[in-house]
Every structure is written in C-alpha cells, then in structure tokens.
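Student: Provided herewith: data-v5.cif, mmCIF, C-alpha atoms.
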```cif
data_query
loop_
_atom_site.group_PDB
_atom_site.id
_atom_site.type_symbol
_atom_site.label_atom_id
_atom_site.label_comp_id
_atom_site.auth_asym_id
_atom_site.auth_seq_id
_atom_site.Cartn_x
_atom_site.Cartn_y
_atom_site.Cartn_z
ATOM 1 C CA MET A 145 -24.729 15.690 1.997
ATOM 2 C CA ILE A 146 -21.444 14.081 1.063
ATOM 3 C CA GLY A 147 -19.496 16.180 -1.402
ATOM 4 C CA LEU A 148 -16.149 16.236 -3.071
ATOM 5 C CA ASN A 149 -14.510 17.869 -0.037
ATOM 6 C CA HIS A 150 -15.295 14.917 2.212
ATOM 7 C CA TYR A 151 -13.456 12.513 -0.063
ATOM 8 C CA LEU A 152 -10.523 14.894 -0.457
ATOM 9 C CA LEU A 153 -10.212 15.338 3.301
ATOM 10 C CA LEU A 154 -10.349 11.588 3.848
ATOM 11 C CA GLY A 155 -7.662 11.162 1.216
ATOM 12 C CA ALA A 156 -5.527 13.829 2.887
ATOM 13 C CA ALA A 157 -5.902 12.128 6.281
ATOM 14 C CA LEU A 158 -4.891 8.741 4.891
ATOM 15 C CA PHE A 159 -1.969 10.381 3.071
ATOM 16 C CA ALA A 160 -0.740 12.073 6.257
ATOM 17 C CA ILE A 161 -1.031 8.847 8.259
ATOM 18 C CA GLY A 162 0.893 7.002 5.553
ATOM 19 C CA ILE A 163 3.640 9.650 5.543
ATOM 20 C CA PHE A 164 3.886 9.372 9.340
ATOM 21 C CA GLY A 165 4.148 5.597 9.133
ATOM 22 C CA ALA A 166 6.795 5.677 6.413
ATOM 23 C CA LEU A 167 8.890 8.201 8.338
ATOM 24 C CA THR A 168 8.746 6.275 11.628
ATOM 25 C CA SER A 169 9.703 2.920 10.136
ATOM 26 C CA LYS A 170 12.848 1.041 10.877
ATOM 27 C CA SER A 171 12.106 -1.942 8.680
ATOM 28 C CA ALA A 172 12.026 -1.665 4.917
ATOM 29 C CA LEU A 173 8.921 -3.822 4.707
ATOM 30 C CA ARG A 174 6.942 -1.353 6.799
ATOM 31 C CA VAL A 175 7.988 1.500 4.525
ATOM 32 C CA VAL A 176 6.627 -0.412 1.528
ATOM 33 C CA ILE A 177 3.324 -1.090 3.304
ATOM 34 C CA CYS A 178 2.955 2.586 4.233
ATOM 35 C CA VAL A 179 3.693 3.611 0.647
ATOM 36 C CA GLU A 180 0.812 1.370 -0.371
ATOM 37 C CA LEU A 181 -1.417 3.339 2.009
ATOM 38 C CA ILE A 182 -0.211 6.613 0.455
ATOM 39 C CA LEU A 183 -0.943 5.326 -3.054
ATOM 40 C CA ASN A 184 -4.419 4.344 -1.917
ATOM 41 C CA ALA A 185 -5.069 7.853 -0.632
ATOM 42 C CA VAL A 186 -4.002 9.261 -4.012
ATOM 43 C CA ASN A 187 -6.269 6.771 -5.768
ATOM 44 C CA LEU A 188 -9.198 7.929 -3.659
ATOM 45 C CA ASN A 189 -8.517 11.564 -4.601
ATOM 46 C CA LEU A 190 -8.362 10.728 -8.294
ATOM 47 C CA ALA A 191 -11.561 8.692 -8.150
ATOM 48 C CA ALA A 192 -13.401 11.447 -6.269
ATOM 49 C CA PHE A 193 -12.302 14.071 -8.807
ATOM 50 C CA SER A 194 -13.351 11.769 -11.606
ATOM 51 C CA ALA A 195 -16.790 11.255 -10.108
ATOM 52 C CA TYR A 196 -17.519 14.871 -9.195
ATOM 53 C CA VAL A 197 -15.680 17.070 -11.708
ATOM 54 C CA ALA A 198 -15.471 15.152 -14.984
ATOM 55 C CA PRO A 199 -17.679 12.076 -14.747
ATOM 56 C CA LYS A 200 -18.252 11.664 -18.484
ATOM 57 C CA GLN A 201 -14.624 11.646 -19.577
ATOM 58 C CA ALA A 202 -13.614 9.198 -16.805
ATOM 59 C CA VAL A 203 -10.026 10.443 -16.909
ATOM 60 C CA GLY A 204 -9.454 10.025 -13.187
ATOM 61 C CA MET A 205 -10.915 6.553 -13.239
ATOM 62 C CA ASN A 206 -8.415 5.491 -15.896
ATOM 63 C CA PHE A 207 -5.616 7.087 -13.884
ATOM 64 C CA VAL A 208 -6.657 4.936 -10.925
ATOM 65 C CA ILE A 209 -6.500 1.808 -13.064
ATOM 66 C CA PHE A 210 -2.993 2.699 -14.271
ATOM 67 C CA LEU A 211 -1.918 3.587 -10.739
ATOM 68 C CA MET A 212 -3.021 0.178 -9.537
ATOM 69 C CA VAL A 213 -0.792 -1.400 -12.191
ATOM 70 C CA VAL A 214 2.144 0.768 -11.155
ATOM 71 C CA ALA A 215 1.533 0.001 -7.468
ATOM 72 C CA ALA A 216 1.472 -3.732 -8.155
ATOM 73 C CA ALA A 217 4.757 -3.516 -10.070
ATOM 74 C CA GLU A 218 6.291 -1.357 -7.335
ATOM 75 C CA VAL A 219 5.315 -3.645 -4.473
ATOM 76 C CA GLY A 220 6.529 -6.709 -6.355
ATOM 77 C CA LEU A 221 9.936 -5.205 -7.039
ATOM 78 C CA ALA A 222 10.286 -3.747 -3.541
ATOM 79 C CA LEU A 223 9.456 -7.036 -1.853
ATOM 80 C CA ALA A 224 11.938 -8.862 -4.101
ATOM 81 C CA ILE A 225 14.642 -6.399 -3.099
ATOM 82 C CA ILE A 226 13.776 -6.813 0.596
ATOM 83 C CA ILE A 227 13.859 -10.622 0.376
ATOM 84 C CA SER A 228 17.177 -10.472 -1.470
ATOM 85 C CA LEU A 229 18.651 -8.104 1.134
ATOM 86 C CA ASN A 230 17.432 -10.315 3.956
ATOM 87 C CA ARG A 231 19.051 -13.351 2.404
ATOM 88 C CA THR A 232 22.422 -11.822 1.613
ATOM 89 C CA SER A 233 23.058 -9.719 4.677
ATOM 90 C CA ASP A 234 20.539 -10.685 7.387
ATOM 91 C CA VAL A 235 19.271 -7.155 7.736
ATOM 92 C CA GLY A 236 15.699 -6.001 7.748
ATOM 93 C CA ALA A 237 16.468 -2.606 9.196
ATOM 94 C CA ILE A 238 16.913 0.180 6.666
ATOM 95 C CA GLY A 239 19.437 1.956 8.865
ATOM 96 C CA SER A 240 21.935 -0.866 8.488
ATOM 97 C CA ILE A 241 21.887 -1.096 4.694
ATOM 98 C CA ARG A 242 25.131 0.506 3.619
ATOM 99 C CA ARG A 243 26.072 -1.416 0.526
ATOM 100 C CA LEU A 244 25.074 1.273 -1.945
ATOM 101 C CA ARG A 245 26.771 4.125 -0.105
ATOM 102 C CA GLY A 246 29.705 5.710 -1.870
ATOM 103 C CA MET B 166 -28.827 10.170 3.999
ATOM 104 C CA THR B 167 -27.914 6.547 3.463
ATOM 105 C CA THR B 168 -24.952 7.718 1.439
ATOM 106 C CA ALA B 169 -23.755 9.898 4.307
ATOM 107 C CA ILE B 170 -24.048 7.078 6.832
ATOM 108 C CA LEU B 171 -22.215 4.673 4.551
ATOM 109 C CA PHE B 172 -19.522 7.251 3.794
ATOM 110 C CA TYR B 173 -18.805 7.914 7.454
ATOM 111 C CA PHE B 174 -18.884 4.176 8.161
ATOM 112 C CA TYR B 175 -16.316 3.394 5.477
ATOM 113 C CA ALA B 176 -14.235 6.460 6.324
ATOM 114 C CA ALA B 177 -14.103 5.441 9.983
ATOM 115 C CA ILE B 178 -12.956 1.945 9.017
ATOM 116 C CA ALA B 179 -10.325 3.359 6.660
ATOM 117 C CA ILE B 180 -8.912 5.808 9.219
ATOM 118 C CA ALA B 181 -8.978 3.193 11.986
ATOM 119 C CA GLY B 182 -7.181 0.689 9.784
ATOM 120 C CA ALA B 183 -4.520 3.218 8.818
ATOM 121 C CA LEU B 184 -3.995 4.203 12.459
ATOM 122 C CA GLY B 185 -3.789 0.534 13.356
ATOM 123 C CA LEU B 186 -1.105 0.090 10.713
ATOM 124 C CA VAL B 187 1.098 2.868 12.069
ATOM 125 C CA SER B 188 0.568 1.894 15.714
ATOM 126 C CA ALA B 189 0.894 -1.894 15.434
ATOM 127 C CA THR B 190 3.683 -3.462 17.421
ATOM 128 C CA LYS B 191 3.743 -6.523 15.178
ATOM 129 C CA LEU B 192 3.996 -6.026 11.456
ATOM 130 C CA LEU B 193 1.539 -8.828 10.687
ATOM 131 C CA HIS B 194 -1.157 -7.060 12.718
ATOM 132 C CA GLY B 195 -0.364 -3.891 10.804
ATOM 133 C CA VAL B 196 -0.845 -5.665 7.493
ATOM 134 C CA LEU B 197 -4.193 -7.027 8.681
ATOM 135 C CA SER B 198 -5.452 -3.583 9.671
ATOM 136 C CA LEU B 199 -4.251 -2.209 6.335
ATOM 137 C CA PHE B 200 -6.418 -4.941 4.804
ATOM 138 C CA ALA B 201 -9.451 -3.418 6.574
ATOM 139 C CA THR B 202 -8.522 -0.030 5.083
ATOM 140 C CA LEU B 203 -8.288 -1.492 1.591
ATOM 141 C CA ILE B 204 -11.698 -3.160 1.884
ATOM 142 C CA ALA B 205 -13.224 0.117 3.117
ATOM 143 C CA MET B 206 -11.691 1.912 0.119
ATOM 144 C CA GLY B 207 -13.533 -0.565 -2.106
ATOM 145 C CA GLY B 208 -16.759 0.490 -0.387
ATOM 146 C CA LEU B 209 -15.924 4.149 -0.997
ATOM 147 C CA TYR B 210 -15.436 3.444 -4.703
ATOM 148 C CA LEU B 211 -18.868 1.827 -4.697
ATOM 149 C CA LEU B 212 -20.311 4.984 -3.124
ATOM 150 C CA LEU B 213 -18.704 7.006 -5.922
ATOM 151 C CA GLY B 214 -20.538 4.818 -8.415
ATOM 152 C CA MET B 215 -17.461 3.013 -9.705
ATOM 153 C CA GLU B 216 -18.251 -0.674 -9.475
ATOM 154 C CA PHE B 217 -15.341 -1.686 -11.672
ATOM 155 C CA LEU B 218 -12.837 0.165 -9.513
ATOM 156 C CA ALA B 219 -14.337 -1.356 -6.365
ATOM 157 C CA ALA B 220 -13.912 -4.838 -7.790
ATOM 158 C CA MET B 221 -10.356 -4.051 -8.904
ATOM 159 C CA GLN B 222 -9.577 -2.653 -5.447
ATOM 160 C CA LEU B 223 -10.726 -5.876 -3.826
ATOM 161 C CA PHE B 224 -8.896 -8.081 -6.327
ATOM 162 C CA VAL B 225 -5.616 -6.217 -6.666
ATOM 163 C CA TYR B 226 -5.149 -4.607 -3.254
ATOM 164 C CA GLY B 227 -7.268 -6.770 -0.991
ATOM 165 C CA GLY B 228 -6.175 -9.967 -2.659
ATOM 166 C CA ALA B 229 -2.902 -9.840 -4.499
ATOM 167 C CA ILE B 230 -0.908 -7.125 -2.739
ATOM 168 C CA THR B 231 -1.892 -8.140 0.789
ATOM 169 C CA ILE B 232 -0.941 -11.763 0.098
ATOM 170 C CA LEU B 233 2.318 -10.638 -1.518
ATOM 171 C CA VAL B 234 3.234 -8.526 1.521
ATOM 172 C CA MET B 235 2.417 -11.404 3.872
ATOM 173 C CA PHE B 236 4.578 -13.756 1.821
ATOM 174 C CA ALA B 237 7.479 -11.312 1.998
ATOM 175 C CA LEU B 238 6.921 -10.899 5.744
ATOM 176 C CA MET B 239 7.038 -14.646 6.311
ATOM 177 C CA LEU B 240 9.980 -15.198 3.957
ATOM 178 C CA SER B 241 12.127 -12.545 5.592
ATOM 179 C CA GLY B 242 12.457 -14.523 8.803
ATOM 180 C CA PRO B 243 11.953 -13.783 12.470
ATOM 181 C CA GLU B 244 14.082 -10.626 12.330
ATOM 182 C CA ALA B 245 11.301 -8.887 10.428
ATOM 183 C CA GLU B 246 8.968 -9.186 13.396
ATOM 184 C CA GLU B 247 11.389 -7.515 15.755
ATOM 185 C CA VAL B 248 11.563 -3.820 16.501
ATOM 186 C CA HIS B 249 10.532 -2.028 13.323
ATOM 187 C CA VAL B 250 9.305 1.314 14.640
ATOM 188 C CA THR B 251 11.466 4.188 15.775
ATOM 189 C CA GLY B 252 11.399 5.131 19.424
ATOM 190 C CA VAL B 253 8.870 7.551 20.803
ATOM 191 C CA ARG B 254 11.357 10.393 21.103
ATOM 192 C CA LEU B 255 12.166 10.140 17.385
ATOM 193 C CA ARG B 256 8.525 10.537 16.400
ATOM 194 C CA TRP B 257 7.963 14.233 16.943
ATOM 195 C CA LEU B 258 9.424 15.309 13.613
ATOM 196 C CA PRO B 259 7.352 12.828 11.545
ATOM 197 C CA SER B 260 4.281 13.889 13.562
ATOM 198 C CA ILE B 261 4.878 17.549 12.753
ATOM 199 C CA ILE B 262 5.543 16.825 9.084
ATOM 200 C CA SER B 263 2.394 14.758 8.601
ATOM 201 C CA ALA B 264 0.237 17.196 10.616
ATOM 202 C CA VAL B 265 1.491 20.153 8.565
ATOM 203 C CA LEU B 266 0.817 18.216 5.346
ATOM 204 C CA PHE B 267 -2.715 17.390 6.430
ATOM 205 C CA VAL B 268 -3.519 20.944 7.539
ATOM 206 C CA ALA B 269 -2.086 22.390 4.318
ATOM 207 C CA ILE B 270 -4.083 20.031 2.112
ATOM 208 C CA ALA B 271 -7.230 20.618 4.168
ATOM 209 C CA LEU B 272 -6.864 24.414 3.859
ATOM 210 C CA VAL B 273 -6.466 24.148 0.093
ATOM 211 C CA VAL B 274 -9.461 21.834 -0.146
ATOM 212 C CA TRP B 275 -11.677 24.152 1.906
ATOM 213 C CA GLN B 276 -10.729 27.269 -0.043
ATOM 214 C CA ALA B 277 -10.905 25.798 -3.513
ATOM 215 C CA LYS B 278 -14.004 26.098 -5.658
ATOM 216 C CA TRP B 279 -14.462 23.043 -7.807
ATOM 217 C CA ASP B 280 -16.748 22.934 -10.828
ATOM 218 C CA VAL B 281 -18.870 20.118 -9.528
ATOM 219 C CA VAL B 282 -21.165 18.766 -12.202
ATOM 220 C CA ALA B 283 -24.100 16.406 -11.985
ATOM 221 C CA PRO B 284 -23.099 12.807 -11.400
ATOM 222 C CA HIS B 285 -23.076 10.631 -14.462
ATOM 223 C CA ALA B 286 -22.964 6.890 -14.002
ATOM 224 C CA LEU B 287 -20.425 5.061 -16.124
ATOM 225 C CA ASP B 288 -21.019 1.405 -16.703
ATOM 226 C CA THR B 289 -18.163 -0.989 -17.285
ATOM 227 C CA GLN B 290 -18.755 -1.009 -21.027
ATOM 228 C CA ALA B 291 -18.171 2.748 -21.211
ATOM 229 C CA ILE B 292 -14.946 2.377 -19.214
ATOM 230 C CA ALA B 293 -13.769 -0.323 -21.614
ATOM 231 C CA THR B 294 -14.579 1.878 -24.595
ATOM 232 C CA ILE B 295 -12.510 4.724 -23.168
ATOM 233 C CA LEU B 296 -9.678 2.488 -22.023
ATOM 234 C CA PHE B 297 -9.296 0.671 -25.329
ATOM 235 C CA SER B 298 -9.764 3.634 -27.632
ATOM 236 C CA ARG B 299 -8.236 6.768 -26.156
ATOM 237 C CA TYR B 300 -5.878 5.135 -23.653
ATOM 238 C CA VAL B 301 -4.868 2.039 -25.588
ATOM 239 C CA LEU B 302 -1.188 2.990 -25.795
ATOM 240 C CA PRO B 303 -0.816 3.676 -22.048
ATOM 241 C CA PHE B 304 -2.686 0.435 -21.455
ATOM 242 C CA GLU B 305 -0.166 -1.543 -23.484
ATOM 243 C CA ILE B 306 2.758 0.244 -21.852
ATOM 244 C CA ALA B 307 1.315 -0.468 -18.400
ATOM 245 C CA GLY B 308 1.012 -4.157 -19.203
ATOM 246 C CA LEU B 309 4.546 -4.254 -20.563
ATOM 247 C CA SER B 310 5.969 -2.464 -17.517
ATOM 248 C CA LEU B 311 4.130 -4.837 -15.171
ATOM 249 C CA THR B 312 5.591 -7.821 -17.034
ATOM 250 C CA ILE B 313 9.091 -6.368 -16.912
ATOM 251 C CA ALA B 314 8.763 -5.516 -13.215
ATOM 252 C CA LEU B 315 7.610 -8.990 -12.246
ATOM 253 C CA ILE B 316 10.328 -10.706 -14.319
ATOM 254 C CA GLY B 317 12.820 -8.388 -12.623
ATOM 255 C CA ALA B 318 11.374 -9.297 -9.227
ATOM 256 C CA VAL B 319 11.936 -12.990 -9.959
ATOM 257 C CA VAL B 320 15.511 -12.289 -11.089
ATOM 258 C CA ILE B 321 16.281 -10.188 -7.999
ATOM 259 C CA ALA B 322 14.720 -12.521 -5.450
ATOM 260 C CA ARG B 323 16.220 -15.707 -6.895
ATOM 261 C CA GLN B 324 19.223 -17.237 -5.202
ATOM 262 C CA ASP B 325 22.208 -17.614 -7.471
ATOM 263 C CA ASP B 326 22.852 -21.188 -6.390
ATOM 264 C CA MET B 327 19.201 -22.073 -6.792
ATOM 265 C CA VAL B 328 19.505 -22.971 -10.471
ATOM 266 C CA GLY B 329 18.846 -26.698 -10.663
ATOM 267 C CA VAL B 330 19.641 -27.361 -7.000
ATOM 268 C CA VAL B 331 16.807 -27.067 -4.550
ATOM 269 C CA TYR B 332 17.057 -29.665 -1.834
ATOM 270 C CA GLU B 333 20.757 -29.622 -1.042
ATOM 271 C CA THR B 334 20.608 -26.051 0.220
ATOM 272 C CA ALA B 335 18.013 -26.875 2.870
ATOM 273 C CA ALA B 336 19.618 -26.039 6.204
ATOM 274 C CA GLU B 337 20.443 -28.884 8.535
ATOM 275 C CA PRO B 338 19.186 -28.307 12.086
ATOM 276 C CA ASP B 339 21.943 -27.216 14.389
ATOM 277 C CA PRO B 340 22.555 -30.133 16.806
ATOM 278 C CA GLU B 341 23.637 -27.850 19.624
ATOM 279 C CA GLU B 342 20.759 -25.436 19.391
ATOM 280 C CA PRO B 343 17.932 -27.110 17.483
ATOM 281 C CA TYR B 344 15.245 -24.731 18.748
ATOM 282 C CA ARG B 345 17.112 -21.491 18.730
ATOM 283 C CA HIS B 346 14.225 -19.172 17.981
ATOM 284 C CA HIS B 347 11.976 -20.805 20.526
ATOM 285 C CA SER B 348 14.569 -20.472 23.263
ATOM 286 C CA GLU B 349 15.106 -16.844 22.326
ATOM 287 C CA ASP B 350 11.395 -16.248 22.595
ATOM 288 C CA GLU B 351 11.274 -17.854 26.001
ATOM 289 C CA GLU B 352 14.156 -15.728 27.179
ATOM 290 C CA ALA B 353 12.417 -12.637 25.876
ATOM 291 C CA ALA B 354 9.279 -13.670 27.736
ATOM 292 C CA LYS B 355 11.219 -13.973 30.958
#
```
Represent the structure contained in this file as structure tokens.

Tutor:
Amino acid sequence: MIGLNHYLLLGAALFAIGIFGALTSKSALRVVICVELILNAVNLNLAAFSAYVAPKQAVGMNFVIFLMVVAAAEVGLALAIIISLNRTSDVGAIGSIRRLRG
Amino acid sequence: MTTAILFYFYAAIAIAGALGLVSATKLLHGVLSLFATLIAMGGLYLLLGMEFLAAMQLFVYGGAITILVMFALMLSGPEAEEVHVTGVRLRWLPSIISAVLFVAIALVVWQAKWDVVAPHALDTQAIATILFSRYVLPFEIAGLSLTIALIGAVVIARQDDMVGVVYETAAEPDPEEPYRHHSEDEEAAK
C-alpha cells in the first residue's frame, strides 16, 4: 500500500540528488537545471501532503500551482542572466565570474 | 496493487532521470533525462488524483521550461558543452552533504505521525473555486510577478546594440579559420 511516506521519501531522494548536482556544477546552466529538480521535489512533497493530510482544503495543491509560476519566472530570469554573461564575457563557468565581487 | 506498481514505476523513472542528470557528461543529455523525470512526476500527480496538476506539470515543466533550457544551452555557444562538472576528487563533500540531507529527512519522515485522512477527489472546478475565491490576491500577484520577471528577462538578455540593427552585427566568417570549432573537435578527437 502506497502511503504518504513513500511520496515524501521519493521527494527527499530527488531533493538530495538535486543538491548534489547543484554543488558539483561548474557551469551556471547546470546549477539552474538542478534547482529545477529541487523545486520539483518540493512540489511533490506539497502535492502529497495536500492529497493525504488536507484533501478538501487543497492548500498544498494551490501552493504547487504558485510554485510552478515562481519556478517559471526564476528559470526565465536565470537563463537571461546566463545568456547575457556568455555574451559579454565568454564565460559559462561560475568560478570565473568575478564582476560582482567587491 | 495497481497503484503500487505504477508508483514504483514512476518513482524508478524519476530517480533514474535525476541520476542521469547529475551523471551526464554532456549537458544536453542531462536535460533530456531531466525531461524523463518531469514526465514521471506528472504520472505521480495523476496517482495522487490531481489531474490538473499533472497537466500543468506536462505543460509548464515538460514543455515550456525544458524548451527554454535547451534554447539557453544552444544560445550560450560551444563553451557550454565543455567541462561543466567538478572533478571526482571534489565530489566527496557534496556527496556527504546530500547523503546527510537525505538520511535526516528520511528519519524525520519515518518517525513522524501524520493525520492521514480519507482521500477526497477534487475536480478541476473545485480547484478553480478555491483559487479564485480564497487565493485570488496571491493569484494576481503571481501573474504580475511572472510578467515582471519575463519583461526583465528580455531586458537583461537583449544586446544593447540590437535596437533597430539586426543584420549588421552578424559575424563574418574568419577567412583564416573558417571552421574553427570543427577543427578543435577533430583535435580533441585525436
């Protein structure tokens, strides 16, 4: 029988894999992609809680909808910044971005 | 029983896609395996009885965000496909951090006692009623923030000399090295 714990554990596994990917990235684009994976894991947790704990209020489901909006805005802005950085300084590696350092 | 089989099927696809993302040597392959994960997440939402969320997952993540990431990957030139993962000896600390996070979350999940209630199917009409009555202000703010973010993305990604002039900035091929990237690839192959 599949319960709430199964979904939460799956979400935790995806979250941990996403954290690992974001920490081992050298390119900014890969960090953004891994953050998308992390957001998806969080979405799965929220949806599972919504379905198992408070299905009538549908609070978690609405959170997931808003999180999708925020994720779309975030990925759009992040990709614009990466394209702009690539054009102005020919770097894709996050280690070599030093313009904003004091 | 069917639910269990489908859950493990989708969960296996999701985990395999995520592992493929973090272990891909080419970023494009990583994006494609993340696409498999996103599709499997849509199936999991269907198992939870949330058809609307499954459709939104396929539209927004499987469609829009994947295409957006691929566009950025192709626009950022051949440098983006080069080495983008830290070396093996720099991976032990991220491995420990993510393993500790997973074990900690799993311990909390096992020990917690949730007040699980009987499932209650919500059709799309009920979701719309909740979204447009109780959450109408966050809904409007979310739409406004998405508009602002996308306008800002256009402003950031636009070239300053691109206003009005499009064709003059197209790069002339270098007469000495017209196929620079190809020759580099051949040298790398050797």

Student: Please list as number ranges by chain every residue within 9 Å of A:Ala198, counting only C-alpha atoms and excluding residues in the same chain fewer than 5 positions away.

Tutor: A: 193, 203-204; B: 280-282, 284-285

Student: Save the residues we just selected, C-alpha atoms, as a compact mmCIF listing (two decimals), keeping the file's coordinate frame?

Tutor:
```txt
# COMPACT_ATOMS: atom_id res chain seq x y z
CA PHE A 193 -12.30 14.07 -8.81
CA VAL A 203 -10.03 10.44 -16.91
CA GLY A 204 -9.45 10.02 -13.19
CA ASP B 280 -16.75 22.93 -10.83
CA VAL B 281 -18.87 20.12 -9.53
CA VAL B 282 -21.16 18.77 -12.20
CA PRO B 284 -23.10 12.81 -11.40
CA HIS B 285 -23.08 10.63 -14.46
```

Student: Please provide the set of residues having any atom within 8 Å of stretch 212-217 of chain A, restricted to only C-alpha atoms, with same-chain residues fewer than 4 positions apart removed, written as a list of chain:residue names.

Tutor: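 Contacts, in chain order: A:Glu180, A:Leu183, A:Val208, A:Leu221, B:Val225, B:Ile230, B:Ala307, B:Gly308, B:Ser310, B:Leu311, B:Ala314, B:Leu315.
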
Student: Please list as a PyMOL selection string every residue within 10 Å of stretch 258-275 of chain B, counting all atoms listed in the file and excluding residues in the same chain fewer than 6 positions away.

Tutor: chain A and resi 148-150+152-168

Student: Store the residues of this selection in a file with C-alpha atoms, as an mmCIF file, in the coordinates of the input.

Tutor:
```cif
data_model
loop_
_atom_site.group_PDB
_atom_site.id
_atom_site.type_symbol
_atom_site.label_atom_id
_atom_site.label_comp_id
_atom_site.auth_asym_id
_atom_site.auth_seq_id
_atom_site.Cartn_x
_atom_site.Cartn_y
_atom_site.Cartn_z
ATOM 1 C CA LEU A 148 -16.149 16.236 -3.071
ATOM 2 C CA ASN A 149 -14.510 17.869 -0.037
ATOM 3 C CA HIS A 150 -15.295 14.917 2.212
ATOM 4 C CA LEU A 152 -10.523 14.894 -0.457
ATOM 5 C CA LEU A 153 -10.212 15.338 3.301
ATOM 6 C CA LEU A 154 -10.349 11.588 3.848
ATOM 7 C CA GLY A 155 -7.662 11.162 1.216
ATOM 8 C CA ALA A 156 -5.527 13.829 2.887
ATOM 9 C CA ALA A 157 -5.902 12.128 6.281
ATOM 10 C CA LEU A 158 -4.891 8.741 4.891
ATOM 11 C CA PHE A 159 -1.969 10.381 3.071
ATOM 12 C CA ALA A 160 -0.740 12.073 6.257
ATOM 13 C CA ILE A 161 -1.031 8.847 8.259
ATOM 14 C CA GLY A 162 0.893 7.002 5.553
ATOM 15 C CA ILE A 163 3.640 9.650 5.543
ATOM 16 C CA PHE A 164 3.886 9.372 9.340
ATOM 17 C CA GLY A 165 4.148 5.597 9.133
ATOM 18 C CA ALA A 166 6.795 5.677 6.413
ATOM 19 C CA LEU A 167 8.890 8.201 8.338
ATOM 20 C CA THR A 168 8.746 6.275 11.628
#
```

Student: May I ask for the distance between atom CA of A:Ile209 and atom CA of B:Thr289, given in Å to one decimal place?

Tutor: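 Atom CA of B:Thr289 lies 12.7 Å from atom CA of A:Ile209.
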
Student: Run the PyMOL selection byres ((chain B and resi 182-191) around 7) on the file and write out the hits as a VMD selection string.

Tutor: (chain A and resid 158 161 165) or (chain B and resid 178 to 181 192 to 196 198 to 199 201 to 202 246)

Student: Pick out the residues sitting within 9 Å of stretch 208-216 of chain B, and hand them over as a PDB file with C-alpha atoms, in the frame of the given file; count all atoms listed in the file, and ignore anything fewer than 5 positions along from it in its own chain.

Tutor:
```pdb
ATOM      1  CA  TYR A 151     -13.456  12.513  -0.063  1.00  0.00           C
ATOM      2  CA  LEU A 188      -9.198   7.929  -3.659  1.00  0.00           C
ATOM      3  CA  ALA A 191     -11.561   8.692  -8.150  1.00  0.00           C
ATOM      4  CA  ALA A 192     -13.401  11.447  -6.269  1.00  0.00           C
ATOM      5  CA  ALA A 195     -16.790  11.255 -10.108  1.00  0.00           C
ATOM      6  CA  TYR A 196     -17.519  14.871  -9.195  1.00  0.00           C
ATOM      7  CA  MET A 205     -10.915   6.553 -13.239  1.00  0.00           C
TER       8      MET A 205
ATOM      9  CA  THR B 168     -24.952   7.718   1.439  1.00  0.00           C
ATOM     10  CA  LEU B 171     -22.215   4.673   4.551  1.00  0.00           C
ATOM     11  CA  PHE B 172     -19.522   7.251   3.794  1.00  0.00           C
ATOM     12  CA  TYR B 175     -16.316   3.394   5.477  1.00  0.00           C
ATOM     13  CA  ALA B 176     -14.235   6.460   6.324  1.00  0.00           C
ATOM     14  CA  LEU B 203      -8.288  -1.492   1.591  1.00  0.00           C
ATOM     15  CA  MET B 221     -10.356  -4.051  -8.904  1.00  0.00           C
ATOM     16  CA  GLN B 222      -9.577  -2.653  -5.447  1.00  0.00           C
ATOM     17  CA  PRO B 284     -23.099  12.807 -11.400  1.00  0.00           C
ATOM     18  CA  HIS B 285     -23.076  10.631 -14.462  1.00  0.00           C
ATOM     19  CA  ALA B 286     -22.964   6.890 -14.002  1.00  0.00           C
ATOM     20  CA  LEU B 287     -20.425   5.061 -16.124  1.00  0.00           C
ATOM     21  CA  ASP B 288     -21.019   1.405 -16.703  1.00  0.00           C
ATOM     22  CA  THR B 289     -18.163  -0.989 -17.285  1.00  0.00           C
TER      23      THR B 289
END
```

Student: How far is it from atom CA of B:Ala205 to atom CA of B:Ala277, in Å with one decimal?

Tutor: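 For atom CA of B:Ala205 relative to atom CA of B:Ala277, the distance reads 26.6 Å.
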
Student: To one decimal place, how far is atom CA of B:Leu223 from atom CA of B:Ser241 in Å?

Tutor: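 Interatomic distance here is 25.6 Å.
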
Student: Which of these residues is nearest to B:Val301, using only C-alpha atoms: A:Leu173, A:Asn206, A:Val219, A:Ile226?

Tutor: A:Asn206

Student: Select, from A:Val197, A:Leu229, A:Ala222, A:Cys178, the residue with the minimum atom-to-atom distance to chain B, counting only C-alpha atoms.

Tutor: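 Using only C-alpha atoms, chain B sits closest to A:Val197.
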